[in-house]
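Single-structure report; data block below.
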Amino acid sequence: HQIVRKKIAGGIGAGQFRRAGKLYFGANVNNGARLHNRLMSIRSSLSGLKERIKQGKQGYSVSDSVNIYIVSSFSGGTGAGMLIDFISEIRQVFSGEEDRITVVGMLPGNTLNDLLTNPKEEKQAVQGNAYGVLQEIRALSRGKVKQYDFEFDPITKIPLNENAPFVDATYLITDEVFANLGANRPLSKWMDVCEAVAYFLYALNGSGIGAVKESGAINSTSGSGFASFGVSAIKYP
């Protein structure tokens with residue numbers, strides 16, 4: 001606990017220390033930011049939105065399903081430390097049979113290494129964090145873990161939902177995933193990778209791209225494995 005306190009007191013997030021990230025999250029589920037209440041409020045708002053659409057747009061069919069995208073770094077202590085617990089909290093609130101959770105995980109790479117203050121020590125830490133998260137998601141998604149309780153505070157305990165997949169899809173992103181003229185060339189900055197993911201999700205959810213079920217089939221993945229996506233473009237003559 002002394003190590004955790006030191007990391008938090010440093011004011012630099014969880015400082016590549018996953019245990020500190022986990023404690024950050026646990027302290028804000030029912031206290032602090034009260035994440036549970038905020039998620040419940042979002043779910044209620046979505047239900048109300050569905051009813052307003054049905055009333056205002058005659059003939060429209062609105063699905064009961066909710067598609068949730070969680071974008072997180074797998075490298076640092078904050079994202080890698082709280083991700084598993086956050087997924088369990090999301091699954092508890094959005095527990096419908098058709099509700100889907102998609103995780104987009106940012107893996108360590110050269111662009112991230114450029115931002116490390118102590119590369120010799122931190123490079124090993126971020127790689128270990130990513131490996132730990134991958135192992136946990138894989139085990140939970142493949143049913144290797146049963147009867148597990150996620151504990152956030154002394155009175156809050158969430159049992160693992162064995163009737164729904166832990167995650168429905170997990171996409172892994174690195175700074176080398178975007179090809180340029182057939183050659184894998186890393187992007188120059190870590191933020192470029194983050195922006196590329198943001199643009200992809202905007203195109204997927206904020207436009208007509210992939211709106212036809214058949215056109216998006218190529219990007220489907222099962223929750224028990226990992227997949228990757230990139231950004232592609234068609235150049236018209």
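All residue names refer to the structure tokens as shown: chains lettered A, B, ... in order, residues numbered from 1 in each chain, ligands numbered from 1 in order.
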Using only C-alpha atoms, which protein or nucleic acid residues come within 8 Å of Ser88 of chain A? Drop anything in the same chain fewer than 2 positions from it, and give the result as a PyMOL selection string. chain A and resi 84-86+90-92+150+158+160+166
Might you pull out every residue within 7 Å of segment 25-30 of chain A, with only C-alpha atoms counted and same-chain residues fewer than 4 positions away left off, and present them as a VMD selection string? chain A and resid 21 34 to 36 82 152 to 153
Just-selected residues, C-alpha atoms written as a CSV table (one decimal), in the first residue's frame:
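Written output follows (again.csv):
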chain,number,residue,atom,x,y,z
A,21,GLY,CA,-5.3,2.1,-11.1
A,34,ARG,CA,-20.0,7.8,-8.4
A,35,LEU,CA,-19.6,5.9,-11.7
A,36,HIS,CA,-22.3,3.4,-11.0
A,82,MET,CA,-9.1,-0.4,-13.9
A,152,PHE,CA,-14.7,-2.4,-5.4
A,153,ASP,CA,-15.2,-1.5,-1.7
Extract, using only C-alpha atoms, all DNA, RNA and protein residues at most 7 Å from segment 127-139 of chain A, discarding same-chain residues fewer than 6 positions from it, and format them as a list in words.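 Near segment 127-139 of chain A, the qualifying residues are Phe74, Ser75, Gly76, Ala80, Leu107, Pro108, Val145, Ser224 and Gly225 of chain A.
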May I have the selected residues written with C-alpha atoms, as a PDB file, in the first residue's frame?
ATOM      1  CA  PHE A  74      -3.176  -1.496 -22.072  1.00  0.00           C
ATOM      2  CA  SER A  75       0.178   0.009 -21.096  1.00  0.00           C
ATOM      3  CA  GLY A  76      -0.145   2.408 -18.167  1.00  0.00           C
ATOM      4  CA  ALA A  80      -4.616  -1.347 -17.542  1.00  0.00           C
ATOM      5  CA  LEU A 107      -0.632  -1.716 -26.987  1.00  0.00           C
ATOM      6  CA  PRO A 108       2.893  -0.458 -26.190  1.00  0.00           C
ATOM      7  CA  VAL A 145     -12.456 -18.114 -14.713  1.00  0.00           C
ATOM      8  CA  SER A 224     -12.757 -15.404 -27.019  1.00  0.00           C
ATOM      9  CA  GLY A 225     -10.062 -14.066 -29.346  1.00  0.00           C
TER      10      GLY A 225
END
Mind the document's chain letters and residue numbers, and return as JSON, numbers by chain the residues of segment 2-199 of chain A that DSSP labels alpha helix (DSSP H). {"A": [2, 3, 4, 5, 6, 7, 8, 9, 18, 19, 20, 21, 22, 23, 24, 25, 26, 35, 36, 37, 38, 39, 40, 41, 42, 43, 44, 45, 46, 47, 48, 49, 50, 51, 52, 53, 54, 55, 56, 77, 78, 79, 80, 81, 82, 83, 84, 85, 86, 87, 88, 89, 90, 91, 92, 93, 110, 111, 112, 113, 119, 120, 121, 122, 123, 124, 125, 126, 127, 128, 129, 130, 131, 132, 133, 134, 135, 136, 137, 138, 139, 140, 141, 190, 191, 192, 193, 194, 195, 196, 197, 198, 199]}
Write out as a list in words the set of residues from segment 64-137 of chain A that DSSP, computed on the backbone, places in strand (DSSP E).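 The strand (DSSP E) subset of segment 64-137 of chain A is Asn67, Ile68, Tyr69, Ile70, Val71, Ser72, Ser73, Arg100, Ile101, Thr102, Val103, Val104, Gly105 and Met106 of chain A.
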Suppose you want the space between atom CA of Lys144 of chain A and atom CA of Asp168 of chain A; what is it in Å?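 Those two atoms sit 15.7 Å apart.
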Quick one: everything within 12 Å of Thr111 of chain A, counting only C-alpha atoms, minus sequence neighbours fewer than 5 positions away in the same chain. Send it as a list in words.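 Once the adjacent positions are removed, what remains is Met106, Leu116, Pro119, Lys123, Thr174, Asp175, Glu176, Arg185, Pro186, Leu187, Ser188, Lys189, Trp190, Met191, Asp192, Val193 and Cys194 of chain A.
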